[in-house]
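File shown: upload_18.cif (mmCIF, C-alpha atoms and all ligand atoms).
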data_entry
#
loop_
_atom_site.label_atom_id
_atom_site.label_comp_id
_atom_site.auth_asym_id
_atom_site.auth_seq_id
_atom_site.Cartn_x
_atom_site.Cartn_y
_atom_site.Cartn_z
CA MET A 1 27.37 43.69 -13.15
CA THR A 2 30.39 43.39 -15.31
CA HIS A 3 30.37 41.89 -18.75
CA LEU A 4 31.67 38.51 -19.89
CA ASP A 5 33.81 38.01 -22.99
CA VAL A 6 32.51 35.18 -25.17
CA ARG A 7 32.64 33.74 -28.64
CA PHE A 8 29.37 34.34 -30.48
CA PHE A 9 27.96 32.28 -33.36
CA ASP A 10 25.07 33.96 -35.13
CA GLY A 11 23.52 30.72 -36.38
CA GLN A 12 23.98 31.84 -40.03
CA SER A 13 27.69 31.34 -40.61
CA SER A 14 30.22 29.20 -38.85
CA ARG A 15 32.42 32.19 -38.27
CA PRO A 16 32.83 33.10 -34.58
CA HIS A 17 32.46 36.71 -33.49
CA ALA A 18 34.14 38.19 -30.48
CA ALA A 19 31.34 39.43 -28.24
CA ARG A 20 30.55 40.47 -24.70
CA LEU A 21 27.57 39.48 -22.63
CA ARG A 22 25.83 41.97 -20.45
CA VAL A 23 22.64 41.75 -18.43
CA GLU A 24 20.14 44.55 -18.50
CA GLU A 25 17.17 44.02 -16.21
CA ASP A 26 15.62 40.80 -17.49
CA ALA A 27 17.40 40.83 -20.83
CA LEU A 28 20.67 39.35 -21.97
CA VAL A 29 22.53 41.69 -24.36
CA ILE A 30 25.13 40.36 -26.78
CA GLU A 31 27.30 43.20 -28.05
CA PRO A 32 30.08 43.15 -30.59
CA ALA A 33 33.55 43.36 -29.12
CA ALA A 34 35.99 45.89 -30.53
CA GLY A 35 36.61 45.25 -34.24
CA GLU A 36 33.29 43.37 -34.76
CA ASP A 37 30.32 44.95 -36.45
CA PHE A 38 27.20 42.79 -35.93
CA ALA A 39 24.08 44.37 -34.56
CA PRO A 40 23.71 43.89 -30.78
CA LEU A 41 21.29 41.14 -29.84
CA VAL A 42 18.81 41.56 -26.97
CA LEU A 43 17.25 38.35 -25.63
CA ALA A 44 14.81 37.56 -22.88
CA ARG A 45 16.70 35.58 -20.25
CA GLY A 46 14.17 32.80 -20.58
CA ASP A 47 15.20 32.33 -24.22
CA VAL A 48 18.71 31.29 -23.28
CA ARG A 49 19.40 27.63 -22.58
CA TRP A 50 22.30 27.67 -20.17
CA PRO A 51 24.53 24.59 -20.19
CA GLU A 52 24.72 22.24 -17.27
CA ARG A 53 27.87 22.75 -15.33
CA THR A 54 30.17 19.77 -15.73
CA ARG A 55 33.54 19.24 -14.12
CA HIS A 56 35.27 19.22 -17.50
CA GLY A 57 34.53 20.69 -20.88
CA GLY A 58 33.52 24.02 -22.25
CA ARG A 59 30.37 26.02 -21.89
CA ILE A 60 27.92 26.72 -24.69
CA ALA A 61 24.61 28.49 -24.16
CA GLN A 62 22.03 27.92 -26.87
CA LEU A 63 20.17 30.96 -28.20
CA PRO A 64 17.12 31.15 -30.46
CA ARG A 65 17.49 30.57 -34.24
CA GLY A 66 20.57 28.37 -33.95
CA ALA A 67 22.77 31.04 -32.42
CA SER A 68 25.00 30.29 -29.48
CA VAL A 69 27.63 31.76 -27.22
CA GLN A 70 30.71 29.87 -26.10
CA ALA A 71 32.92 30.43 -23.09
CA LEU A 72 36.42 31.67 -23.69
CA ASP A 73 37.34 31.19 -20.06
CA VAL A 74 35.32 28.53 -18.24
CA PRO A 75 35.95 29.64 -14.61
CA ALA A 76 35.10 33.21 -15.57
CA TRP A 77 31.91 31.97 -17.28
CA ASP A 78 30.90 29.95 -14.23
CA ALA A 79 31.54 32.85 -11.88
CA TRP A 80 29.64 35.25 -14.13
CA THR A 81 26.60 32.99 -14.63
CA ALA A 82 26.56 32.17 -10.90
CA GLY A 83 26.40 35.93 -10.30
CA LEU A 84 23.36 36.07 -12.60
CA GLY A 85 21.45 34.06 -10.09
CA HIS A 86 21.48 31.30 -12.64
CA ARG A 87 21.39 28.09 -10.64
CA ASP A 88 22.29 24.62 -11.72
CA GLY A 89 19.49 22.14 -11.35
CA TRP A 90 19.81 20.22 -8.08
CA VAL A 91 20.33 17.06 -10.09
CA VAL A 92 23.50 18.45 -11.64
CA ARG A 93 24.84 19.62 -8.34
CA ALA A 94 24.03 16.29 -6.70
CA GLN A 95 25.70 14.35 -9.50
CA GLN A 96 28.88 16.26 -8.95
CA SER A 97 29.49 14.95 -5.47
CA TRP A 98 29.92 11.45 -4.17
CA ARG A 99 27.92 12.45 -1.19
CA GLY A 100 25.10 13.32 -3.55
CA VAL A 101 25.34 9.92 -5.18
CA LEU A 102 25.28 8.23 -1.79
CA ILE A 103 22.27 10.24 -0.68
CA ALA A 104 20.48 9.42 -3.92
CA PHE A 105 21.17 5.75 -3.31
CA VAL A 106 19.85 5.88 0.25
CA VAL A 107 16.76 7.76 -0.91
CA LEU A 108 16.19 5.12 -3.58
CA ILE A 109 16.36 2.32 -1.02
CA ALA A 110 14.06 4.21 1.31
CA ALA A 111 11.60 4.82 -1.52
CA ALA A 112 11.58 1.13 -2.38
CA ALA A 113 10.99 0.25 1.28
CA ALA A 114 8.26 2.86 1.58
CA MET A 115 6.64 1.54 -1.57
CA TYR A 116 6.61 -1.96 -0.12
CA GLN A 117 5.38 -0.73 3.25
CA TRP A 118 2.78 1.82 2.23
CA THR A 119 2.31 2.22 -1.47
CA LEU A 120 1.69 -1.44 -2.17
CA PRO A 121 -1.10 -1.77 0.44
CA TRP A 122 -2.50 1.51 -0.79
CA ALA A 123 -2.35 0.41 -4.41
CA ALA A 124 -3.81 -2.97 -3.46
CA ARG A 125 -6.76 -1.17 -1.92
CA GLY A 126 -7.29 0.76 -5.13
CA MET A 127 -6.85 -2.28 -7.34
CA THR A 128 -9.22 -4.32 -5.18
CA ALA A 129 -11.90 -1.79 -5.96
CA LEU A 130 -11.42 -2.63 -9.65
CA VAL A 131 -11.97 -6.34 -9.13
CA PRO A 132 -15.64 -7.19 -9.69
CA GLN A 133 -17.47 -8.62 -6.64
CA ARG A 134 -18.25 -11.64 -8.80
CA ALA A 135 -14.57 -12.58 -8.62
CA ASP A 136 -14.73 -12.50 -4.80
CA ALA A 137 -17.60 -14.97 -4.80
CA LEU A 138 -15.84 -17.31 -7.26
CA ILE A 139 -12.64 -17.26 -5.25
CA GLY A 140 -14.49 -17.70 -1.96
CA ALA A 141 -16.32 -20.79 -3.26
CA GLN A 142 -13.04 -22.22 -4.51
CA VAL A 143 -11.32 -21.63 -1.17
CA LEU A 144 -14.21 -23.11 0.82
CA ALA A 145 -14.20 -26.23 -1.37
CA SER A 146 -10.48 -26.64 -0.80
CA LEU A 147 -10.88 -26.14 2.96
CA ASP A 148 -13.68 -28.72 3.02
CA ASP A 149 -11.27 -31.14 1.36
CA SER A 150 -8.48 -30.56 3.80
CA LEU A 151 -9.28 -28.96 7.12
CA LEU A 152 -13.03 -29.00 7.66
CA LEU A 153 -15.81 -31.48 8.37
CA PRO A 154 -19.58 -30.93 8.55
CA SER A 155 -20.71 -29.25 11.75
CA THR A 156 -22.19 -31.32 14.57
CA LEU A 157 -23.51 -28.27 16.36
CA PRO A 158 -27.24 -28.76 17.17
CA ALA A 159 -29.50 -27.03 14.66
CA GLN A 160 -31.06 -24.79 17.32
CA ASP A 161 -27.62 -23.55 18.37
CA GLN A 162 -26.75 -22.78 14.77
CA ALA A 163 -30.06 -20.98 14.28
CA ARG A 164 -29.61 -18.92 17.45
CA ILE A 165 -26.11 -17.79 16.50
CA ARG A 166 -27.14 -17.07 12.92
CA GLU A 167 -30.09 -14.98 14.07
CA GLY A 168 -27.99 -13.11 16.65
CA PHE A 169 -25.42 -12.26 14.01
CA ALA A 170 -28.00 -11.27 11.40
CA ARG A 171 -29.61 -8.95 13.94
CA MET A 172 -26.28 -7.33 14.78
CA VAL A 173 -25.47 -6.71 11.10
CA ARG A 174 -28.99 -5.40 10.41
CA MET A 175 -28.73 -2.91 13.27
CA ALA A 176 -25.27 -1.70 12.32
CA HIS A 177 -25.74 -1.68 8.55
CA PRO A 178 -29.44 -1.38 7.73
CA ASP A 179 -28.80 -0.51 4.07
CA ASP A 180 -25.18 -1.11 3.26
CA ALA A 181 -24.29 -4.58 4.53
CA PRO A 182 -22.30 -6.62 2.01
CA PRO A 183 -23.57 -10.13 1.27
CA TRP A 184 -22.47 -12.64 3.92
CA LYS A 185 -23.13 -16.29 4.65
CA LEU A 186 -22.41 -18.13 7.86
CA GLU A 187 -20.84 -21.57 7.31
CA PHE A 188 -20.80 -23.89 10.33
CA ARG A 189 -18.03 -26.50 10.19
CA ARG A 190 -16.12 -28.79 12.51
CA ALA A 191 -12.33 -28.64 12.52
CA ARG A 192 -10.91 -31.86 11.10
CA ASP A 193 -8.06 -31.74 13.58
CA GLU A 194 -6.22 -29.64 16.11
CA ARG A 195 -4.57 -27.50 13.46
CA LEU A 196 -7.68 -25.38 13.04
CA GLY A 197 -9.40 -25.91 16.37
CA PRO A 198 -11.55 -23.06 17.68
CA ASN A 199 -11.53 -20.72 14.75
CA ALA A 200 -13.34 -18.38 12.40
CA LEU A 201 -12.38 -17.30 8.93
CA ALA A 202 -13.74 -14.75 6.48
CA LEU A 203 -13.44 -15.75 2.83
CA PRO A 204 -13.65 -13.46 -0.19
CA GLY A 205 -17.25 -13.05 -1.24
CA GLY A 206 -18.69 -13.03 2.29
CA ALA A 207 -18.57 -16.62 3.51
CA ILE A 208 -17.67 -16.72 7.20
CA VAL A 209 -16.55 -20.11 8.44
CA LEU A 210 -17.16 -20.75 12.14
CA THR A 211 -15.92 -23.92 13.80
CA ASP A 212 -17.90 -25.88 16.39
CA GLU A 213 -14.78 -25.77 18.53
CA LEU A 214 -14.97 -21.99 18.72
CA VAL A 215 -18.62 -22.08 19.78
CA ARG A 216 -17.71 -24.64 22.47
CA LEU A 217 -14.55 -22.92 23.66
CA LEU A 218 -16.50 -20.69 26.02
CA PRO A 219 -19.66 -22.63 26.84
CA ASP A 220 -22.89 -20.64 26.84
CA ASN A 221 -21.12 -17.51 25.71
CA ASP A 222 -22.80 -16.33 22.53
CA ASP A 223 -21.49 -12.84 23.22
CA ALA A 224 -17.91 -13.88 22.47
CA VAL A 225 -18.98 -15.84 19.38
CA LEU A 226 -20.87 -12.80 18.07
CA GLY A 227 -17.87 -10.59 18.79
CA VAL A 228 -15.66 -12.89 16.73
CA LEU A 229 -18.25 -12.94 13.94
CA GLY A 230 -18.34 -9.14 14.07
CA HIS A 231 -14.59 -9.13 13.58
CA GLU A 232 -14.86 -11.48 10.61
CA PHE A 233 -17.67 -9.36 9.23
CA GLY A 234 -15.25 -6.43 9.36
CA HIS A 235 -12.86 -8.40 7.13
CA VAL A 236 -15.76 -9.16 4.76
CA ARG A 237 -17.05 -5.62 4.60
CA LEU A 238 -13.59 -4.18 3.91
CA ARG A 239 -12.69 -7.00 1.48
CA HIS A 240 -9.49 -7.66 3.41
CA ALA A 241 -8.93 -11.16 2.06
CA MET A 242 -9.26 -9.89 -1.50
CA ARG A 243 -6.94 -7.02 -0.75
CA GLN A 244 -4.34 -9.43 0.59
CA LEU A 245 -4.72 -11.59 -2.50
CA VAL A 246 -4.38 -8.61 -4.79
CA GLN A 247 -1.31 -7.44 -2.93
CA ALA A 248 0.29 -10.87 -3.02
CA SER A 249 -0.38 -11.22 -6.71
CA ALA A 250 -0.18 -7.58 -7.73
CA VAL A 251 1.37 -8.33 -11.09
CA GLY A 252 -0.96 -11.21 -11.88
CA ILE A 253 -4.05 -9.21 -11.14
CA VAL A 254 -3.05 -6.42 -13.44
CA ALA A 255 -2.77 -8.99 -16.19
CA SER A 256 -6.10 -10.52 -15.12
CA ALA A 257 -7.83 -7.17 -15.20
CA ALA A 258 -6.23 -6.34 -18.54
CA PHE A 259 -7.38 -9.57 -20.14
CA GLY A 260 -10.62 -9.93 -18.16
CA ASP A 261 -9.43 -13.37 -17.09
CA TYR A 262 -9.53 -14.16 -13.41
CA GLY A 263 -8.99 -17.88 -13.92
CA THR A 264 -5.37 -17.96 -12.81
CA LEU A 265 -6.05 -15.82 -9.79
CA ILE A 266 -9.01 -17.97 -8.81
CA THR A 267 -7.15 -21.27 -9.05
CA SER A 268 -4.13 -19.98 -7.14
CA ALA A 269 -6.26 -18.27 -4.47
CA PRO A 270 -6.58 -21.20 -2.01
CA VAL A 271 -2.84 -21.78 -1.92
CA LEU A 272 -2.08 -18.09 -1.67
CA LEU A 273 -4.67 -17.44 1.02
CA ALA A 274 -3.29 -20.26 3.14
CA THR A 275 0.08 -18.55 3.35
CA LEU A 276 -1.11 -14.98 3.77
CA GLY A 277 -1.86 -13.12 6.94
CA TYR A 278 -3.66 -9.88 7.59
CA SER A 279 -1.74 -6.74 8.38
CA ARG A 280 -2.05 -5.23 11.82
CA ASP A 281 -4.03 -2.41 10.26
CA ALA A 282 -6.54 -4.86 8.81
CA GLU A 283 -6.85 -6.53 12.22
CA ARG A 284 -7.39 -3.18 13.88
CA GLU A 285 -10.07 -2.24 11.35
CA ALA A 286 -11.85 -5.54 11.90
CA ASP A 287 -11.68 -5.06 15.68
CA VAL A 288 -13.21 -1.61 15.30
CA GLU A 289 -16.04 -3.13 13.25
CA SER A 290 -16.52 -5.86 15.87
CA LEU A 291 -16.74 -3.27 18.62
CA ARG A 292 -19.26 -1.24 16.62
CA LEU A 293 -21.48 -4.28 16.04
CA MET A 294 -21.27 -5.43 19.66
CA ARG A 295 -22.15 -2.01 21.02
CA ILE A 296 -25.08 -1.56 18.69
CA ALA A 297 -26.41 -4.98 19.71
CA GLY A 298 -25.90 -4.26 23.40
CA ILE A 299 -23.18 -6.89 23.84
CA PRO A 300 -20.45 -6.06 26.37
CA PRO A 301 -17.12 -5.79 24.46
CA ARG A 302 -15.43 -7.45 27.44
CA ALA A 303 -16.63 -10.74 25.96
CA MET A 304 -13.99 -10.37 23.22
CA ALA A 305 -11.22 -9.83 25.74
CA ASP A 306 -12.30 -12.98 27.56
CA PHE A 307 -12.33 -14.84 24.29
CA PHE A 308 -8.80 -13.72 23.36
CA GLU A 309 -7.59 -15.06 26.68
CA ALA A 310 -9.37 -18.36 26.22
CA ILE A 311 -7.86 -18.83 22.78
CA GLU A 312 -4.45 -17.90 24.13
CA GLN A 313 -4.80 -20.66 26.71
CA TRP A 314 -5.89 -23.12 24.07
CA GLN A 315 -2.82 -22.29 21.99
CA GLU A 316 -0.54 -22.58 25.02
CA ALA A 317 -1.93 -26.02 25.74
CA ARG A 318 -1.49 -27.08 22.12
CA ARG A 319 2.08 -25.87 22.01
CA GLY A 320 2.77 -27.85 25.15
CA ASP A 321 1.10 -30.92 23.65
CA GLN A 322 2.81 -31.19 20.33
CA GLY A 323 4.89 -28.09 19.72
CA GLY A 324 3.00 -27.60 16.46
CA GLU A 325 2.67 -24.35 14.57
CA THR A 326 -0.46 -22.48 15.43
CA ASP A 327 -0.53 -20.02 12.58
CA PHE A 328 -0.45 -22.16 9.49
CA LEU A 329 -3.62 -20.57 8.11
CA GLY A 330 -2.76 -16.91 8.20
CA LEU A 331 -6.22 -15.51 7.65
CA ALA A 332 -7.85 -17.63 10.36
CA PHE A 333 -8.90 -15.92 13.55
CA SER A 334 -6.68 -17.87 15.94
CA SER A 335 -3.62 -17.01 13.85
CA HIS A 336 -4.03 -13.33 14.58
CA PRO A 337 -1.86 -12.55 17.51
CA ALA A 338 -4.02 -11.72 20.51
CA THR A 339 -1.73 -8.92 21.53
CA ALA A 340 -2.12 -7.13 24.83
CA GLU A 341 -3.04 -4.08 22.74
CA ARG A 342 -6.02 -5.85 21.16
CA ILE A 343 -7.20 -7.31 24.47
CA ALA A 344 -6.97 -3.88 26.08
CA PHE A 345 -8.92 -2.39 23.15
CA PHE A 346 -11.98 -4.47 24.02
CA ARG A 347 -11.48 -4.39 27.78
CA ASP A 348 -11.15 -0.60 27.87
CA ALA A 349 -14.20 -0.25 25.63
CA SER A 350 -16.18 -2.02 28.35
CA THR A 351 -15.37 0.44 31.09
CA PRO A 352 -17.76 3.40 30.89
ZN ZN B 401 -8.92 -10.93 11.77
#
As structure tokens, the full file:
Amino acid sequence: MTHLDVRFFDGQSSRPHAARLRVEEDALVIEPAAGEDFAPLVLARGDVRWPERTRHGGRIAQLPRGASVQALDVPAWDAWTAGLGHRDGWVVRAQQSWRGVLIAFVVLIAAAAAMYQWTLPWAARGMTALVPQRADALIGAQVLASLDDSLLLPSTLPAQDQARIREGFARMVRMAHPDDAPPWKLEFRRARDERLGPNALALPGGAIVLTDELVRLLPDNDDAVLGVLGHEFGHVRLRHAMRQLVQASAVGIVASAAFGDYGTLITSAPVLLATLGYSRDAEREADVESLRLMRIAGIPPRAMADFFEAIEQWQEARRGDQGGETDFLGLAFSSHPATAERIAFFRDASTP
């Protein structure tokens, strides 16, 4: 490779020396040009800080001990350093073109979207693990009290029916999770009006609210009721409601965790939970749990498919009646869209 003529500053005096750069294996050699008499300098290539290539301006490479070399002829410098295999960082090259700027912008938007789509749920999962279970129970009690004030009435389901369902569910959970079942509590309630109707709802902390209307939707069909409870148990076990809360109040919870104060989160939970819904992934996970519990208890999964259809019909009828919204309580069972995919999941599981 040919040499490059440069101006050399030795770092001692401000006087420039005429010099030539030459590369020898992995070393950069700075030799005096004709008429100069400094001792040639041999540097490891890693010791040279090459300048970023800008559209305008000169080129100065920094050397150890305050020395430097300066370009006499910028295009010649660029050509010579390019020949060295010295590459500009991709950032510099990207900054030099409008296309690069545009691509960077698009990547930024995509990253923000990806963060919202994936990173936030992922982070929420991690952050939920940091929230003490005690907070779940406090929030759950608060939410149940607020539901009792607004949407629920005491159950009128006969005690023996309640006992039978409770025992069936307890047996299912015991069989599926002999040692690792989270705490749960079945709460029988009657829907105050048509807004809730046949429904079930898992609250943070393990309370599962079951409405009389759901039990009566398919008469003498405990299988379907247990399937729905299995689904809600899935939400409890995976702390889905908490995860949704954390995600919806990501900033607040960081502050809560930092100050050990969950008060704000707890008081805003009922309002927040009323407007939230589960993600499709959460629904799928809960369905998988439901299927596992039904199978282990010997309940045909088909019962869930039948139930989805019954609830669909109930919603149709309601829409016809009053044209009201059916999904005002996002976390409630009947708000989850009974998609063909979910119905098929349980129906296909039934065919051997
Ligand atoms: Zn659900």
Problem set entry | Protein and nucleic residues near ligand ZN 401 (chain B), 7 Å, only C-alpha atoms and all ligand atoms, as a VMD selection string | chain A and resid 231 to 232 235 278 283 286 331 to 333 336
For this session: Rounded to one decimal place, report the atom CA of A:Phe233-atom CA of A:Asn221 distance in Å.
Result: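 Interatomic distance here is 18.7 Å.
Computed from the coordinates, the atom CA of A:Phe9 to atom CA of A:Glu24 distance equals 20.8 Å.
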For this session: Please measure the separation of atom CA of A:Ser279 and atom CA of A:Val246, giving the value in Å to one decimal.
Result: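 Separation of atom CA of A:Ser279 and atom CA of A:Val246: 13.6 Å.
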For this session: Write out as a ChimeraX atom specification which residues come within 8 Å of A:Ala124 when counting only C-alpha atoms, dropping same-chain ones fewer than 6 positions away.
Result: /A:243-244,246-247,250
Extract, using only C-alpha atoms, all DNA, RNA and protein residues at most 9 Å from stretch 194-206 of chain A, discarding same-chain residues fewer than 2 positions from it, and format them as a PDB file with C-alpha atoms, in the frame of the given file.
ATOM      1  CA  GLN A 133     -17.470  -8.620  -6.640  1.00  0.00           C
ATOM      2  CA  ARG A 134     -18.250 -11.640  -8.800  1.00  0.00           C
ATOM      3  CA  ALA A 135     -14.570 -12.580  -8.620  1.00  0.00           C
ATOM      4  CA  ASP A 136     -14.730 -12.500  -4.800  1.00  0.00           C
ATOM      5  CA  ALA A 137     -17.600 -14.970  -4.800  1.00  0.00           C
ATOM      6  CA  LEU A 138     -15.840 -17.310  -7.260  1.00  0.00           C
ATOM      7  CA  ILE A 139     -12.640 -17.260  -5.250  1.00  0.00           C
ATOM      8  CA  GLY A 140     -14.490 -17.700  -1.960  1.00  0.00           C
ATOM      9  CA  ALA A 141     -16.320 -20.790  -3.260  1.00  0.00           C
ATOM     10  CA  VAL A 143     -11.320 -21.630  -1.170  1.00  0.00           C
ATOM     11  CA  LEU A 144     -14.210 -23.110   0.820  1.00  0.00           C
ATOM     12  CA  LEU A 151      -9.280 -28.960   7.120  1.00  0.00           C
ATOM     13  CA  LEU A 152     -13.030 -29.000   7.660  1.00  0.00           C
ATOM     14  CA  PRO A 182     -22.300  -6.620   2.010  1.00  0.00           C
ATOM     15  CA  PRO A 183     -23.570 -10.130   1.270  1.00  0.00           C
ATOM     16  CA  TRP A 184     -22.470 -12.640   3.920  1.00  0.00           C
ATOM     17  CA  LYS A 185     -23.130 -16.290   4.650  1.00  0.00           C
ATOM     18  CA  LEU A 186     -22.410 -18.130   7.860  1.00  0.00           C
ATOM     19  CA  ARG A 190     -16.120 -28.790  12.510  1.00  0.00           C
ATOM     20  CA  ALA A 191     -12.330 -28.640  12.520  1.00  0.00           C
ATOM     21  CA  ARG A 192     -10.910 -31.860  11.100  1.00  0.00           C
ATOM     22  CA  ILE A 208     -17.670 -16.720   7.200  1.00  0.00           C
ATOM     23  CA  VAL A 209     -16.550 -20.110   8.440  1.00  0.00           C
ATOM     24  CA  LEU A 210     -17.160 -20.750  12.140  1.00  0.00           C
ATOM     25  CA  THR A 211     -15.920 -23.920  13.800  1.00  0.00           C
ATOM     26  CA  ASP A 212     -17.900 -25.880  16.390  1.00  0.00           C
ATOM     27  CA  GLU A 213     -14.780 -25.770  18.530  1.00  0.00           C
ATOM     28  CA  LEU A 214     -14.970 -21.990  18.720  1.00  0.00           C
ATOM     29  CA  VAL A 215     -18.620 -22.080  19.780  1.00  0.00           C
ATOM     30  CA  ARG A 216     -17.710 -24.640  22.470  1.00  0.00           C
ATOM     31  CA  LEU A 217     -14.550 -22.920  23.660  1.00  0.00           C
ATOM     32  CA  VAL A 228     -15.660 -12.890  16.730  1.00  0.00           C
ATOM     33  CA  LEU A 229     -18.250 -12.940  13.940  1.00  0.00           C
ATOM     34  CA  GLU A 232     -14.860 -11.480  10.610  1.00  0.00           C
ATOM     35  CA  PHE A 233     -17.670  -9.360   9.230  1.00  0.00           C
ATOM     36  CA  GLY A 234     -15.250  -6.430   9.360  1.00  0.00           C
ATOM     37  CA  HIS A 235     -12.860  -8.400   7.130  1.00  0.00           C
ATOM     38  CA  VAL A 236     -15.760  -9.160   4.760  1.00  0.00           C
ATOM     39  CA  ARG A 237     -17.050  -5.620   4.600  1.00  0.00           C
ATOM     40  CA  ARG A 239     -12.690  -7.000   1.480  1.00  0.00           C
ATOM     41  CA  HIS A 240      -9.490  -7.660   3.410  1.00  0.00           C
ATOM     42  CA  ALA A 241      -8.930 -11.160   2.060  1.00  0.00           C
ATOM     43  CA  MET A 242      -9.260  -9.890  -1.500  1.00  0.00           C
ATOM     44  CA  ILE A 311      -7.860 -18.830  22.780  1.00  0.00           C
ATOM     45  CA  TRP A 314      -5.890 -23.120  24.070  1.00  0.00           C
ATOM     46  CA  ARG A 318      -1.490 -27.080  22.120  1.00  0.00           C
ATOM     47  CA  GLY A 324       3.000 -27.600  16.460  1.00  0.00           C
ATOM     48  CA  GLU A 325       2.670 -24.350  14.570  1.00  0.00           C
ATOM     49  CA  THR A 326      -0.460 -22.480  15.430  1.00  0.00           C
ATOM     50  CA  ASP A 327      -0.530 -20.020  12.580  1.00  0.00           C
ATOM     51  CA  PHE A 328      -0.450 -22.160   9.490  1.00  0.00           C
ATOM     52  CA  LEU A 329      -3.620 -20.570   8.110  1.00  0.00           C
ATOM     53  CA  LEU A 331      -6.220 -15.510   7.650  1.00  0.00           C
ATOM     54  CA  ALA A 332      -7.850 -17.630  10.360  1.00  0.00           C
ATOM     55  CA  PHE A 333      -8.900 -15.920  13.550  1.00  0.00           C
ATOM     56  CA  SER A 334      -6.680 -17.870  15.940  1.00  0.00           C
ATOM     57  CA  SER A 335      -3.620 -17.010  13.850  1.00  0.00           C
TER      58      SER A 335
END
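Proximity to A:Arg45 was assessed for A:Leu63, A:Val69, A:Ala123, A:Ala282 counting all atoms listed in the file; the smallest distance is recorded for A:Leu63.
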Exercise. Of the candidates A:Ala129, A:Leu4, A:Ala27, A:Leu43, which shows the shortest atom-to-atom distance to A:Val74, using all atoms listed in the file?
Worked result: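 The shortest atom-to-atom distance to A:Val74 comes from A:Leu4.
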Exercise. In terms of the shortest atom-to-atom distance over only C-alpha atoms, which of A:Val29, A:Phe8, A:Phe38, A:Glu285 is closest to A:Ala61?
Worked result: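 Closest to A:Ala61 of all the choices is A:Phe8.
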How big is the axis-aligned box, and where does its centre sit, when it encloses all atoms of stretch 292-305 of chain A listed in the file and has 8 Å added on every side, reported in Å to one decimal as AutoDock Vina command-line options?
--center_x -18.8 --center_y -6.0 --center_z 21.7 --size_x 31.2 --size_y 25.5 --size_z 27.4
For this session: For A:Val173, list every protein, DNA or RNA residue within 9 Å, evaluated using all atoms listed in the file, and leave out those in the same chain fewer than 6 positions away; present the list as JSON, numbers by chain.
Result: {"A": [181, 230, 233, 293, 297]}
Exercise. So which residues touch A:Leu41 within 9 Å, counting all atoms listed in the file, skipping near sequence neighbours fewer than 5 positions away, as an MDAnalysis selection string?
Worked result: chainID A and resid 28:31
Those selected residues, please, written with C-alpha atoms and delivered as a short mmCIF file (atom, residue, chain, number, x, y, z; two decimals), in the frame of the given file.
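Heads up, here's the output in out_5.cif:
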data_model
loop_
_atom_site.label_atom_id
_atom_site.label_comp_id
_atom_site.auth_asym_id
_atom_site.auth_seq_id
_atom_site.Cartn_x
_atom_site.Cartn_y
_atom_site.Cartn_z
CA LEU A 28 20.67 39.35 -21.97
CA VAL A 29 22.53 41.69 -24.36
CA ILE A 30 25.13 40.36 -26.78
CA GLU A 31 27.30 43.20 -28.05
#
